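J.: Handing over final39.cif, mmCIF, C-alpha atoms and all ligand atoms.
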```cif
data_entry
loop_
_atom_site.label_atom_id
_atom_site.label_comp_id
_atom_site.auth_asym_id
_atom_site.auth_seq_id
_atom_site.Cartn_x
_atom_site.Cartn_y
_atom_site.Cartn_z
CA MET U 24 77.55 -44.91 224.44
CA SER U 25 77.52 -41.11 224.15
CA HIS U 26 76.14 -38.90 226.90
CA GLU U 27 74.33 -35.65 226.15
CA ALA U 28 76.72 -33.19 227.80
CA PRO U 29 74.69 -29.98 227.29
CA ALA U 30 71.52 -31.60 228.55
CA GLU U 31 73.31 -32.80 231.68
CA GLU U 32 74.58 -29.28 232.35
CA ASP U 33 71.10 -27.83 231.85
CA VAL U 34 69.60 -29.90 234.60
CA GLN U 35 72.32 -29.71 237.24
CA GLY U 36 70.59 -30.10 240.55
CA ALA U 37 67.23 -30.69 238.92
CA LYS U 38 65.41 -33.95 238.41
CA ARG U 39 65.28 -35.14 234.84
CA ALA U 40 62.32 -37.12 233.59
CA VAL U 41 62.21 -38.63 230.10
CA VAL U 42 58.89 -39.51 228.50
CA ALA U 43 58.99 -42.02 225.63
CA GLY U 44 56.26 -41.11 223.13
CA GLY U 45 54.84 -37.78 221.98
CA GLY U 46 51.21 -38.86 221.57
CA VAL U 47 48.40 -37.35 223.60
CA VAL U 48 49.40 -39.16 226.81
CA GLY U 49 53.16 -38.57 226.47
CA LEU U 50 52.71 -34.86 225.82
CA THR U 51 50.27 -34.53 228.73
CA THR U 52 52.68 -36.46 230.96
CA GLY U 53 55.50 -34.14 229.92
CA LEU U 54 53.40 -31.13 230.95
CA ALA U 55 52.15 -32.65 234.21
CA VAL U 56 55.49 -34.02 235.37
CA GLY U 57 57.10 -30.70 234.44
CA ARG U 58 54.60 -28.98 236.73
CA ALA U 59 55.63 -31.40 239.46
CA GLY U 60 59.13 -29.91 239.33
CA PHE U 61 60.92 -32.28 236.97
CA GLU U 62 62.99 -31.21 234.00
CA THR U 63 61.10 -33.15 231.35
CA LEU U 64 62.06 -34.27 227.89
CA VAL U 65 59.44 -35.95 225.69
CA CYS U 66 61.08 -38.14 223.02
CA GLU U 67 58.91 -38.84 219.96
CA GLN U 68 60.14 -41.28 217.35
CA ASP U 69 58.39 -39.60 214.41
CA PRO U 70 60.02 -36.60 212.74
CA GLU U 71 57.06 -34.46 213.76
CA ILE U 72 54.19 -34.41 216.24
CA ARG U 73 51.20 -35.96 214.56
CA GLY U 74 47.86 -37.22 215.66
CA VAL U 75 47.25 -40.53 213.95
CA GLY U 76 43.61 -41.64 213.81
CA ALA U 77 41.33 -38.71 212.86
CA ALA U 78 39.57 -37.25 215.95
CA LEU U 79 38.93 -37.92 219.63
CA GLY U 80 36.20 -37.31 222.14
CA LEU U 81 37.57 -36.16 225.49
CA TRP U 82 35.55 -36.70 228.64
CA ALA U 83 35.34 -34.43 231.68
CA ASN U 84 38.13 -36.27 233.53
CA ALA U 85 40.58 -35.42 230.72
CA LEU U 86 39.34 -31.85 230.33
CA ALA U 87 39.76 -31.30 234.08
CA VAL U 88 43.41 -32.38 233.79
CA PHE U 89 43.97 -29.94 230.93
CA ASP U 90 42.30 -27.18 232.99
CA ARG U 91 44.76 -27.84 235.83
CA LEU U 92 47.66 -27.75 233.37
CA GLY U 93 46.51 -24.42 231.93
CA ALA U 94 45.69 -25.88 228.51
CA GLY U 95 41.96 -26.49 228.98
CA GLU U 96 40.69 -23.27 227.50
CA THR U 97 42.69 -23.57 224.26
CA ILE U 98 41.80 -27.22 223.84
CA ARG U 99 38.09 -26.60 224.37
CA ALA U 100 38.23 -23.70 221.90
CA ALA U 101 39.82 -25.94 219.26
CA GLY U 102 37.09 -28.57 219.58
CA VAL U 103 33.34 -28.80 219.72
CA PRO U 104 31.36 -29.42 222.89
CA SER U 105 29.32 -32.47 222.20
CA GLY U 106 27.45 -35.32 223.83
CA ILE U 107 26.86 -38.93 223.01
CA ARG U 108 23.24 -39.81 222.35
CA TYR U 109 22.80 -43.12 220.61
CA GLN U 110 20.15 -43.49 217.94
CA ASP U 111 19.12 -46.51 215.90
CA PRO U 112 19.21 -46.75 212.09
CA ALA U 113 15.70 -45.29 211.94
CA GLY U 114 16.77 -42.26 213.99
CA GLN U 115 15.01 -43.33 217.20
CA VAL U 116 16.87 -42.65 220.44
CA VAL U 117 18.26 -45.96 221.73
CA ASP U 118 19.08 -45.06 225.26
CA GLU U 119 17.04 -43.47 227.92
CA TYR U 120 20.17 -43.08 230.05
CA TYR U 121 21.45 -40.02 228.24
CA GLY U 122 19.59 -37.37 230.20
CA ASP U 123 21.71 -37.13 233.31
CA LEU U 124 24.93 -37.09 231.29
CA ALA U 125 23.75 -34.20 229.11
CA ASP U 126 25.59 -31.71 231.33
CA VAL U 127 28.88 -33.62 231.18
CA ASP U 128 31.82 -31.89 229.62
CA TYR U 129 32.66 -33.77 226.40
CA VAL U 130 34.65 -32.19 223.59
CA VAL U 131 35.48 -33.61 220.17
CA LEU U 132 38.56 -32.39 218.32
CA THR U 133 41.06 -33.63 215.78
CA ARG U 134 44.01 -35.57 217.16
CA GLN U 135 46.38 -33.49 215.05
CA ARG U 136 45.20 -30.22 216.60
CA LEU U 137 45.11 -31.65 220.12
CA ASN U 138 48.68 -32.90 219.89
CA GLU U 139 49.88 -29.64 218.31
CA LEU U 140 48.34 -27.65 221.17
CA LEU U 141 49.89 -29.92 223.78
CA ALA U 142 53.30 -29.67 222.07
CA GLU U 143 53.01 -25.87 222.06
CA ALA U 144 52.11 -25.86 225.76
CA LEU U 145 55.07 -28.13 226.50
CA GLY U 146 57.50 -25.95 224.55
CA PRO U 147 60.27 -26.92 222.14
CA ASP U 148 62.94 -27.22 224.86
CA HIS U 149 61.04 -30.16 226.33
CA LEU U 150 60.35 -32.06 223.13
CA ARG U 151 62.65 -33.97 220.83
CA THR U 152 61.26 -35.45 217.60
CA GLY U 153 63.02 -38.13 215.54
CA ALA U 154 64.06 -39.58 218.91
CA GLN U 155 63.18 -43.24 219.28
CA VAL U 156 63.63 -44.77 222.72
CA THR U 157 65.08 -48.25 222.25
CA GLY U 158 65.52 -49.31 225.87
CA TYR U 159 66.83 -48.33 229.28
CA ARG U 160 69.22 -49.43 231.98
CA ASP U 161 68.11 -49.26 235.61
CA HIS U 162 70.57 -48.35 238.36
CA ASP U 163 70.14 -47.52 242.04
CA GLU U 164 69.65 -43.77 241.60
CA GLY U 165 67.83 -43.70 238.30
CA VAL U 166 67.72 -44.91 234.76
CA VAL U 167 69.78 -44.44 231.61
CA VAL U 168 67.46 -44.00 228.64
CA GLU U 169 68.81 -45.22 225.31
CA LEU U 170 67.86 -43.67 221.98
CA ALA U 171 68.19 -45.19 218.50
CA ASP U 172 70.86 -42.66 217.50
CA GLY U 173 73.13 -43.93 220.29
CA THR U 174 72.39 -41.10 222.72
CA ALA U 175 72.00 -42.04 226.38
CA ILE U 176 70.17 -39.77 228.80
CA ASP U 177 70.50 -39.99 232.58
CA ALA U 178 67.19 -39.51 234.34
CA VAL U 179 65.49 -40.23 237.63
CA LEU U 180 62.29 -41.19 235.84
CA LEU U 181 61.34 -42.76 232.49
CA VAL U 182 57.67 -42.82 231.56
CA GLY U 183 56.76 -45.22 228.75
CA ALA U 184 53.90 -43.46 226.95
CA ASP U 185 54.95 -45.13 223.72
CA GLY U 186 51.64 -46.64 222.76
CA VAL U 187 50.35 -50.09 222.09
CA TYR U 188 53.68 -51.50 220.80
CA SER U 189 55.60 -49.98 223.74
CA ARG U 190 59.33 -50.71 223.87
CA VAL U 191 59.34 -49.66 227.51
CA ARG U 192 56.61 -52.18 228.42
CA GLU U 193 58.40 -54.86 226.43
CA GLN U 194 61.48 -54.37 228.64
CA LEU U 195 59.56 -53.91 231.89
CA SER U 196 57.32 -56.93 231.34
CA PRO U 197 58.78 -59.08 228.55
CA GLY U 198 56.24 -60.99 226.52
CA GLU U 199 53.29 -58.71 227.35
CA THR U 200 52.64 -57.95 223.70
CA ALA U 201 49.61 -56.25 222.16
CA ARG U 202 46.90 -58.54 220.82
CA GLU U 203 44.12 -58.26 218.32
CA HIS U 204 40.64 -57.68 219.68
CA PRO U 205 39.29 -60.51 217.54
CA GLY U 206 37.16 -59.41 214.63
CA HIS U 207 37.01 -55.79 215.78
CA LEU U 208 37.57 -53.30 212.98
CA ALA U 209 37.34 -49.52 212.75
CA TRP U 210 37.32 -47.04 209.86
CA ARG U 211 37.70 -43.32 210.39
CA GLY U 212 38.17 -40.07 208.50
CA ILE U 213 37.98 -36.30 208.62
CA VAL U 214 36.33 -34.12 206.01
CA ALA U 215 35.50 -30.45 205.61
CA GLU U 216 32.16 -29.54 207.17
CA SER U 217 31.15 -28.04 203.82
CA ALA U 218 31.35 -31.53 202.24
CA ILE U 219 28.24 -32.64 204.16
CA PRO U 220 25.93 -29.65 204.55
CA GLU U 221 23.09 -31.74 205.97
CA ILE U 222 24.81 -32.31 209.29
CA THR U 223 23.08 -30.25 211.94
CA VAL U 224 23.95 -31.96 215.22
CA GLU U 225 26.19 -34.76 216.33
CA ARG U 226 24.97 -38.25 215.49
CA TYR U 227 25.99 -41.56 216.99
CA VAL U 228 24.22 -44.72 215.89
CA ILE U 229 24.15 -48.24 217.23
CA GLY U 230 23.16 -50.28 214.22
CA ARG U 231 22.73 -53.82 213.06
CA GLU U 232 25.44 -56.50 212.78
CA ARG U 233 27.26 -55.16 215.88
CA THR U 234 28.12 -51.99 213.93
CA ARG U 235 28.20 -48.52 215.40
CA GLY U 236 29.13 -45.21 213.87
CA GLY U 237 29.08 -41.47 214.11
CA VAL U 238 29.40 -38.24 212.19
CA VAL U 239 30.41 -35.41 214.48
CA ARG U 240 31.84 -31.91 214.22
CA SER U 241 35.49 -31.89 215.29
CA GLY U 242 36.41 -28.19 215.24
CA GLY U 243 38.13 -25.89 212.77
CA GLY U 244 35.48 -26.55 210.11
CA THR U 245 36.05 -30.31 210.17
CA VAL U 246 33.73 -33.25 210.59
CA PHE U 247 34.86 -36.61 211.94
CA TRP U 248 33.26 -39.88 210.94
CA VAL U 249 33.83 -43.30 212.45
CA ILE U 250 32.43 -46.75 211.81
CA ALA U 251 33.36 -49.77 213.93
CA GLN U 252 32.16 -53.32 213.96
CA LEU U 253 32.58 -56.05 216.56
CA LYS U 254 32.86 -59.65 215.35
CA ALA U 255 33.19 -58.35 211.78
CA PRO U 256 33.37 -60.80 208.89
CA PRO U 257 36.77 -60.96 207.15
CA VAL U 258 37.51 -57.94 204.95
CA ASN U 259 39.71 -57.55 201.90
CA GLY U 260 38.47 -54.48 200.07
CA SER U 261 39.55 -50.84 200.11
CA GLY U 262 39.10 -49.00 203.41
CA LYS U 263 36.56 -46.71 201.82
CA GLY U 264 34.64 -49.58 200.22
CA GLU U 265 34.57 -51.52 203.48
CA ALA U 266 33.26 -48.48 205.37
CA LEU U 267 30.61 -47.77 202.73
CA ALA U 268 29.51 -51.40 202.82
CA ARG U 269 28.58 -50.92 206.49
CA VAL U 270 26.46 -47.80 206.01
CA PRO U 271 23.24 -49.86 205.52
CA HIS U 272 23.82 -51.37 208.99
CA LEU U 273 23.63 -47.85 210.40
CA TYR U 274 21.17 -45.90 208.36
CA ASN U 275 17.70 -46.65 207.00
CA GLY U 276 17.43 -43.16 205.47
CA GLY U 277 14.73 -40.59 206.10
CA TRP U 278 16.42 -38.55 208.84
CA PRO U 279 19.46 -36.26 208.85
CA PHE U 280 22.52 -38.49 209.19
CA ALA U 281 25.25 -38.41 206.58
CA PRO U 282 27.72 -41.28 206.96
CA ARG U 283 27.71 -42.09 203.23
CA GLU U 284 28.39 -38.47 202.23
CA ALA U 285 31.18 -38.20 204.82
CA ILE U 286 32.90 -41.40 203.65
CA GLU U 287 32.50 -40.52 199.98
CA ALA U 288 34.08 -37.10 200.57
CA THR U 289 37.19 -38.73 202.11
CA PRO U 290 40.07 -39.59 199.75
CA GLU U 291 40.90 -43.31 199.91
CA ASP U 292 44.39 -42.66 201.27
CA ARG U 293 42.92 -40.63 204.15
CA VAL U 294 40.66 -43.38 205.41
CA VAL U 295 42.18 -44.73 208.64
CA ARG U 296 41.47 -48.45 208.90
CA ASN U 297 42.36 -50.38 212.06
CA ARG U 298 42.26 -53.88 213.32
CA VAL U 299 41.65 -52.97 216.95
CA LEU U 300 44.47 -53.97 219.31
CA TYR U 301 44.55 -54.21 223.06
CA VAL U 302 47.18 -54.69 225.73
CA PRO U 303 46.39 -57.51 228.16
CA ARG U 304 45.76 -56.46 231.73
CA GLN U 305 49.06 -55.39 233.27
CA HIS U 306 49.81 -56.19 236.90
CA ARG U 307 53.19 -54.50 236.72
CA TRP U 308 53.19 -50.83 235.75
CA VAL U 309 56.46 -49.69 237.32
CA SER U 310 59.97 -50.49 238.42
CA ARG U 311 61.93 -48.19 240.75
CA HIS U 312 62.42 -45.46 238.14
CA VAL U 313 60.26 -46.53 235.19
CA ALA U 314 56.49 -46.26 234.77
CA LEU U 315 53.96 -46.90 232.01
CA ALA U 316 51.12 -44.53 231.08
CA GLY U 317 48.40 -44.50 228.45
CA ASP U 318 47.99 -47.16 225.77
CA SER U 319 51.36 -48.74 226.59
CA ALA U 320 49.77 -49.94 229.84
CA HIS U 321 46.11 -50.30 228.95
CA ALA U 322 45.25 -49.97 225.26
CA GLY U 323 41.69 -51.16 225.08
CA SER U 324 38.97 -51.50 222.56
CA PRO U 325 37.62 -48.13 221.41
CA HIS U 326 34.00 -49.12 222.01
CA ILE U 327 34.24 -47.35 225.38
CA THR U 328 35.69 -44.17 223.74
CA SER U 329 37.80 -43.52 226.79
CA GLY U 330 41.37 -44.74 226.17
CA ALA U 331 42.87 -41.29 225.76
CA SER U 332 40.79 -39.76 228.56
CA LEU U 333 41.99 -42.48 230.94
CA GLY U 334 45.60 -42.07 229.78
CA ILE U 335 45.40 -38.33 230.42
CA GLU U 336 44.17 -39.22 233.90
CA ASP U 337 47.28 -41.44 234.34
CA ALA U 338 49.50 -38.41 233.69
CA ALA U 339 47.80 -36.33 236.38
CA VAL U 340 47.80 -39.13 238.97
CA LEU U 341 51.50 -39.77 238.36
CA ALA U 342 52.39 -36.08 238.66
CA ASP U 343 50.36 -35.68 241.88
CA LEU U 344 52.08 -38.69 243.45
CA LEU U 345 55.52 -37.45 242.41
CA THR U 346 54.67 -34.21 244.21
CA ALA U 347 53.34 -35.98 247.30
CA HIS U 348 56.20 -38.47 247.73
CA PRO U 349 59.76 -37.56 248.69
CA ASP U 350 61.27 -40.16 246.35
CA VAL U 351 60.51 -41.45 242.85
CA PRO U 352 60.34 -45.18 243.72
CA GLY U 353 57.79 -44.48 246.48
CA ALA U 354 55.68 -42.36 244.12
CA LEU U 355 55.78 -45.06 241.44
CA GLN U 356 54.68 -47.75 243.89
CA ALA U 357 51.74 -45.55 244.89
CA TYR U 358 50.96 -44.93 241.20
CA GLU U 359 50.85 -48.65 240.45
CA ALA U 360 48.67 -49.25 243.53
CA ASP U 361 46.25 -46.60 242.27
CA ARG U 362 46.12 -47.65 238.61
CA VAL U 363 46.01 -51.47 238.75
CA PRO U 364 42.62 -51.76 240.50
CA ARG U 365 41.13 -48.94 238.44
CA TYR U 366 42.04 -50.71 235.20
CA ALA U 367 40.83 -54.06 236.48
CA GLU U 368 37.44 -52.35 236.62
CA VAL U 369 37.92 -50.72 233.19
CA HIS U 370 38.64 -54.14 231.65
CA ARG U 371 35.64 -55.69 233.37
CA TRP U 372 33.27 -52.91 232.22
CA ALA U 373 34.69 -52.88 228.69
CA ASP U 374 34.11 -56.63 228.30
CA GLN U 375 30.57 -56.16 229.54
CA VAL U 376 29.85 -53.48 226.91
CA ALA U 377 31.35 -55.60 224.10
CA ASP U 378 29.33 -58.64 225.18
CA ALA U 379 26.16 -56.59 224.63
CA ALA U 380 27.01 -55.74 221.01
CA ASP U 381 23.99 -57.64 219.66
CA GLU U 382 21.55 -55.79 221.91
CA PRO U 383 21.62 -52.03 221.25
CA HIS U 384 19.67 -51.02 224.37
CA VAL U 385 21.86 -53.09 226.67
CA TYR U 386 24.97 -51.88 224.84
CA ALA U 387 23.95 -48.24 225.36
CA LYS U 388 23.14 -48.83 229.02
CA GLU U 389 26.47 -50.57 229.69
CA PHE U 390 28.31 -47.84 227.79
CA PHE U 391 26.80 -45.02 229.85
CA ASP U 392 27.32 -47.01 233.03
CA ILE U 393 31.05 -47.23 232.43
CA ILE U 394 31.25 -43.55 231.56
CA ARG U 395 29.38 -42.63 234.74
CA TRP U 396 31.69 -44.88 236.74
CA MET U 397 34.80 -43.37 235.10
CA LEU U 398 33.58 -39.86 235.87
CA GLY U 399 32.58 -40.76 239.43
CA ARG U 400 28.89 -39.87 238.88
C1 LIG S 501 38.95 -46.27 216.49
C2 LIG S 501 39.41 -45.66 217.78
C3 LIG S 501 38.68 -44.60 218.35
C4 LIG S 501 39.04 -44.06 219.59
N1 LIG S 501 38.30 -43.05 220.11
C5 LIG S 501 38.61 -42.53 221.33
C6 LIG S 501 37.84 -41.47 221.90
O1 LIG S 501 36.89 -40.97 221.29
N2 LIG S 501 38.18 -41.01 223.13
C7 LIG S 501 39.24 -41.53 223.83
O2 LIG S 501 39.49 -41.09 224.97
N3 LIG S 501 40.01 -42.52 223.31
C8 LIG S 501 39.73 -43.02 222.08
N4 LIG S 501 40.50 -44.00 221.53
C9 LIG S 501 41.69 -44.47 222.26
C10 LIG S 501 42.86 -43.51 222.01
O3 LIG S 501 43.09 -43.43 220.62
C11 LIG S 501 44.13 -44.02 222.69
O4 LIG S 501 43.84 -44.46 223.98
C12 LIG S 501 45.16 -42.87 222.75
O5 LIG S 501 45.52 -42.44 221.47
C13 LIG S 501 46.41 -43.35 223.50
O6 LIG S 501 47.35 -42.33 223.52
P1 LIG S 501 48.88 -42.66 223.82
O7 LIG S 501 49.59 -41.34 223.80
O8 LIG S 501 49.01 -43.54 225.00
O9 LIG S 501 49.36 -43.53 222.58
P2 LIG S 501 49.53 -43.09 221.07
O10 LIG S 501 48.49 -42.10 220.68
O11 LIG S 501 49.63 -44.37 220.30
O12 LIG S 501 50.94 -42.36 221.04
C14 LIG S 501 52.14 -43.06 221.22
C15 LIG S 501 53.25 -42.19 220.64
O13 LIG S 501 54.49 -42.80 220.97
C16 LIG S 501 55.34 -42.78 219.82
N5 LIG S 501 56.29 -43.88 220.01
C17 LIG S 501 56.05 -45.22 219.90
N6 LIG S 501 57.15 -45.93 220.20
C18 LIG S 501 58.12 -45.03 220.52
C19 LIG S 501 59.47 -45.14 220.93
N7 LIG S 501 60.05 -46.34 221.08
N8 LIG S 501 60.18 -44.01 221.16
C20 LIG S 501 59.59 -42.78 221.00
N9 LIG S 501 58.31 -42.61 220.60
C21 LIG S 501 57.58 -43.71 220.38
C22 LIG S 501 54.38 -42.96 218.66
O14 LIG S 501 54.95 -42.50 217.44
C23 LIG S 501 53.20 -42.10 219.11
O15 LIG S 501 53.36 -40.75 218.75
C24 LIG S 501 40.18 -44.56 220.28
C25 LIG S 501 40.94 -45.58 219.70
C26 LIG S 501 40.59 -46.13 218.46
C27 LIG S 501 41.43 -47.24 217.86
#
```
Could you write out this structure as structure tokens?
Ligand SMILES: Cc1cc2nc3c(=O)[nH]c(=O)nc-3n(C[C@H](O)[C@H](O)[C@H](O)COP(=O)(O)OP(=O)(O)OC[C@H]3O[C@@H](n4cnc5c(N)ncnc54)[C@H](O)[C@@H]3O)c2cc1C
T.:
Amino acid sequence: MSHEAPAEEDVQGAKRAVVAGGGVVGLTTGLAVGRAGFETLVCEQDPEIRGVGAALGLWANALAVFDRLGAGETIRAAGVPSGIRYQDPAGQVVDEYYGDLADVDYVVLTRQRLNELLAEALGPDHLRTGAQVTGYRDHDEGVVVELADGTAIDAVLLVGADGVYSRVREQLSPGETAREHPGHLAWRGIVAESAIPEITVERYVIGRERTRGGVVRSGGGTVFWVIAQLKAPPVNGSGKGEALARVPHLYNGGWPFAPREAIEATPEDRVVRNRVLYVPRQHRWVSRHVALAGDSAHAGSPHITSGASLGIEDAAVLADLLTAHPDVPGALQAYEADRVPRYAEVHRWADQVADAADEPHVYAKEFFDIIRWMLGR
């Protein structure tokens, strides 16, 4: 086992925190925990910071965290302020619950740009790419974080923000593996705005056959499209073909909505196709010096469009508790006590929305109810 001598010298007297995973939650955690006085290092396994999965909508809870971290203005400027207003395939508004959420901060932007901006805010000294965390060893005063290249890093805190297949979760709670949300599929892509000139405002549709979709501006001259289906029949075609086959569930024609044009303008190899995965409800989020955040702890179905926003919230809660508590184990206990009941509610609400997939009005109502609850409105 080799120790990183220069890194150890750099942080003499300081508190080192390692974050496994340089996705949106890991990068935000790096920033937030850094602000809490820790010398942070975010370790990302990929050779570069990417944003897999097209674009994201960020709710007010996430934007408020970015504001506190000094990154809110840049992130808002890179995206497009939006709103979710569900229509049906004929263009009629499905939900009458939209009105009082119209003033809510909601911004759509590409994942790539979001993660680039967060990495810039974090700074290169606090980010290591090509660095896969393979495990850790707990000891009384901290944790030794092990990387695939044989490096070992001493830290007082390891945050596993390493996504749905988390190695950190696997060690913290063996056997708690990610599962398929049965029959739930999603197709996504990004195209140039010029490819679909008819788009005038954001469009989200709850359609037939438990299918929903959207075509939305995502900043920098891009447009994001997404189609998802609950209880989907088995698929075996190309991603593009499968997405196109679902357009009739979403669109009767006769009003400005351009899912077909958006899909057709996307090269086949740029269509992101997912079988949706989730992480079963976790009762254990921490040990004395290790904590989970983001999808590693609570990956859920995307039908509540809130996984990243909630994970960003995790980062802020963790950082606040690390500031408030004199010791890391005490802060992590308080973090677990805060997060476990909140996610019990998230799971309950999310199941309720999914159960309403065959009834668009109920689905929309349940969706906006969970968003209101998440935002404390
Ligand atoms: C179709 C779909 C649409 C969605 N839409 C929205 C939305 O509109 N709004 C919203 O809030 N949420 C949305 N979500 C949820 C959102 O995508 C996730 O909640 C969010 O990406 C989780 O971020 P994360 O950083 O925890 O994980 P990830 O984004 O998965 O990042 C994990 C990172 O860790 C790295 N990594 C993994 N293992 C290791 C390791 N051992 N060592 C080092 N690095 C490692 C990975 O390479 C990756 O970079 C959607 C999800 C889906 C599937």
J.: Can you tell me which residues surround Val309 of chain U at a distance of at most 9 Å, considering only C-alpha atoms, apart from same-chain residues fewer than 4 positions away, and format the answer as a list in words?
T.: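 Contacts, in chain order: Leu195, Val313, Ala314, Leu315, Pro352, Leu355, Gln356, Tyr358 and Glu359 of chain U.
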J.: Those residues with C-alpha atoms, as a PDB file, keeping the file's coordinate frame please?
T.:
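Ended up saving to selection14.pdb:
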```pdb
ATOM      1  CA  LEU U 195      59.560 -53.910 231.890  1.00  0.00           C
ATOM      2  CA  VAL U 313      60.260 -46.530 235.190  1.00  0.00           C
ATOM      3  CA  ALA U 314      56.490 -46.260 234.770  1.00  0.00           C
ATOM      4  CA  LEU U 315      53.960 -46.900 232.010  1.00  0.00           C
ATOM      5  CA  PRO U 352      60.340 -45.180 243.720  1.00  0.00           C
ATOM      6  CA  LEU U 355      55.780 -45.060 241.440  1.00  0.00           C
ATOM      7  CA  GLN U 356      54.680 -47.750 243.890  1.00  0.00           C
ATOM      8  CA  TYR U 358      50.960 -44.930 241.200  1.00  0.00           C
ATOM      9  CA  GLU U 359      50.850 -48.650 240.450  1.00  0.00           C
TER      10      GLU U 359
END
```
J.: Would you give the centre and edge lengths, in Å to one decimal, of a box along x, y and z around the listed atoms of ligand LIG 501 (chain S), with 4 Å added to each side, as lines of an AutoDock Vina configuration file?
T.:
```
center_x = 48.5
center_y = -44.0
center_z = 220.7
size_x = 31.3
size_y = 14.5
size_z = 16.5
```
J.: Might you pull out every residue within 8 Å of segment 232-249 of chain U, with only C-alpha atoms counted and same-chain residues fewer than 2 positions away left off, and present them as an mmCIF file with C-alpha atoms, in the frame of the given file?
T.:
```
data_model
loop_
_atom_site.group_PDB
_atom_site.id
_atom_site.type_symbol
_atom_site.label_atom_id
_atom_site.label_comp_id
_atom_site.auth_asym_id
_atom_site.auth_seq_id
_atom_site.Cartn_x
_atom_site.Cartn_y
_atom_site.Cartn_z
ATOM 1 C CA ALA U 77 41.330 -38.710 212.860
ATOM 2 C CA ALA U 78 39.570 -37.250 215.950
ATOM 3 C CA ALA U 101 39.820 -25.940 219.260
ATOM 4 C CA GLY U 102 37.090 -28.570 219.580
ATOM 5 C CA VAL U 103 33.340 -28.800 219.720
ATOM 6 C CA VAL U 131 35.480 -33.610 220.170
ATOM 7 C CA LEU U 132 38.560 -32.390 218.320
ATOM 8 C CA THR U 133 41.060 -33.630 215.780
ATOM 9 C CA ALA U 209 37.340 -49.520 212.750
ATOM 10 C CA TRP U 210 37.320 -47.040 209.860
ATOM 11 C CA ARG U 211 37.700 -43.320 210.390
ATOM 12 C CA GLY U 212 38.170 -40.070 208.500
ATOM 13 C CA ILE U 213 37.980 -36.300 208.620
ATOM 14 C CA VAL U 214 36.330 -34.120 206.010
ATOM 15 C CA ALA U 215 35.500 -30.450 205.610
ATOM 16 C CA GLU U 216 32.160 -29.540 207.170
ATOM 17 C CA SER U 217 31.150 -28.040 203.820
ATOM 18 C CA VAL U 224 23.950 -31.960 215.220
ATOM 19 C CA GLU U 225 26.190 -34.760 216.330
ATOM 20 C CA ARG U 226 24.970 -38.250 215.490
ATOM 21 C CA TYR U 227 25.990 -41.560 216.990
ATOM 22 C CA VAL U 228 24.220 -44.720 215.890
ATOM 23 C CA ILE U 229 24.150 -48.240 217.230
ATOM 24 C CA GLY U 230 23.160 -50.280 214.220
ATOM 25 C CA ALA U 251 33.360 -49.770 213.930
ATOM 26 C CA GLN U 252 32.160 -53.320 213.960
ATOM 27 C CA LEU U 253 32.580 -56.050 216.560
ATOM 28 C CA LYS U 254 32.860 -59.650 215.350
ATOM 29 C CA ALA U 255 33.190 -58.350 211.780
ATOM 30 C CA ARG U 269 28.580 -50.920 206.490
ATOM 31 C CA HIS U 272 23.820 -51.370 208.990
ATOM 32 C CA LEU U 273 23.630 -47.850 210.400
ATOM 33 C CA PHE U 280 22.520 -38.490 209.190
ATOM 34 C CA ALA U 281 25.250 -38.410 206.580
ATOM 35 C CA PRO U 282 27.720 -41.280 206.960
ATOM 36 C CA ALA U 285 31.180 -38.200 204.820
ATOM 37 C CA ILE U 286 32.900 -41.400 203.650
ATOM 38 C CA ALA U 380 27.010 -55.740 221.010
ATOM 39 C CA ASP U 381 23.990 -57.640 219.660
#
```
J.: Just give me the gap between atom CA of Gly330 of chain U and atom CA of Glu96 of chain U in Å, one decimal is fine.
T.: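 Atom CA of Glu96 of chain U lies at a distance of 21.5 Å from atom CA of Gly330 of chain U.
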J.: With only C-alpha atoms and all ligand atoms counted, collect every polymer residue having an atom within 6 Å of ligand LIG 501 (chain S); state the result as a PyMOL selection string.
T.: chain U and resi 43-49+66-69+79-81+154-157+184-186+189-190+209+299+317-319+322+325+328-332
J.: With C-alpha atoms kept, could you save the residues just selected as a compact mmCIF listing (two decimals), in the frame of the given file?
T.:
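Generated output (out01.txt):
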```
# COMPACT_ATOMS: atom_id res chain seq x y z
CA ALA U 43 58.99 -42.02 225.63
CA GLY U 44 56.26 -41.11 223.13
CA GLY U 45 54.84 -37.78 221.98
CA GLY U 46 51.21 -38.86 221.57
CA VAL U 47 48.40 -37.35 223.60
CA VAL U 48 49.40 -39.16 226.81
CA GLY U 49 53.16 -38.57 226.47
CA CYS U 66 61.08 -38.14 223.02
CA GLU U 67 58.91 -38.84 219.96
CA GLN U 68 60.14 -41.28 217.35
CA ASP U 69 58.39 -39.60 214.41
CA LEU U 79 38.93 -37.92 219.63
CA GLY U 80 36.20 -37.31 222.14
CA LEU U 81 37.57 -36.16 225.49
CA ALA U 154 64.06 -39.58 218.91
CA GLN U 155 63.18 -43.24 219.28
CA VAL U 156 63.63 -44.77 222.72
CA THR U 157 65.08 -48.25 222.25
CA ALA U 184 53.90 -43.46 226.95
CA ASP U 185 54.95 -45.13 223.72
CA GLY U 186 51.64 -46.64 222.76
CA SER U 189 55.60 -49.98 223.74
CA ARG U 190 59.33 -50.71 223.87
CA ALA U 209 37.34 -49.52 212.75
CA VAL U 299 41.65 -52.97 216.95
CA GLY U 317 48.40 -44.50 228.45
CA ASP U 318 47.99 -47.16 225.77
CA SER U 319 51.36 -48.74 226.59
CA ALA U 322 45.25 -49.97 225.26
CA PRO U 325 37.62 -48.13 221.41
CA THR U 328 35.69 -44.17 223.74
CA SER U 329 37.80 -43.52 226.79
CA GLY U 330 41.37 -44.74 226.17
CA ALA U 331 42.87 -41.29 225.76
CA SER U 332 40.79 -39.76 228.56
```
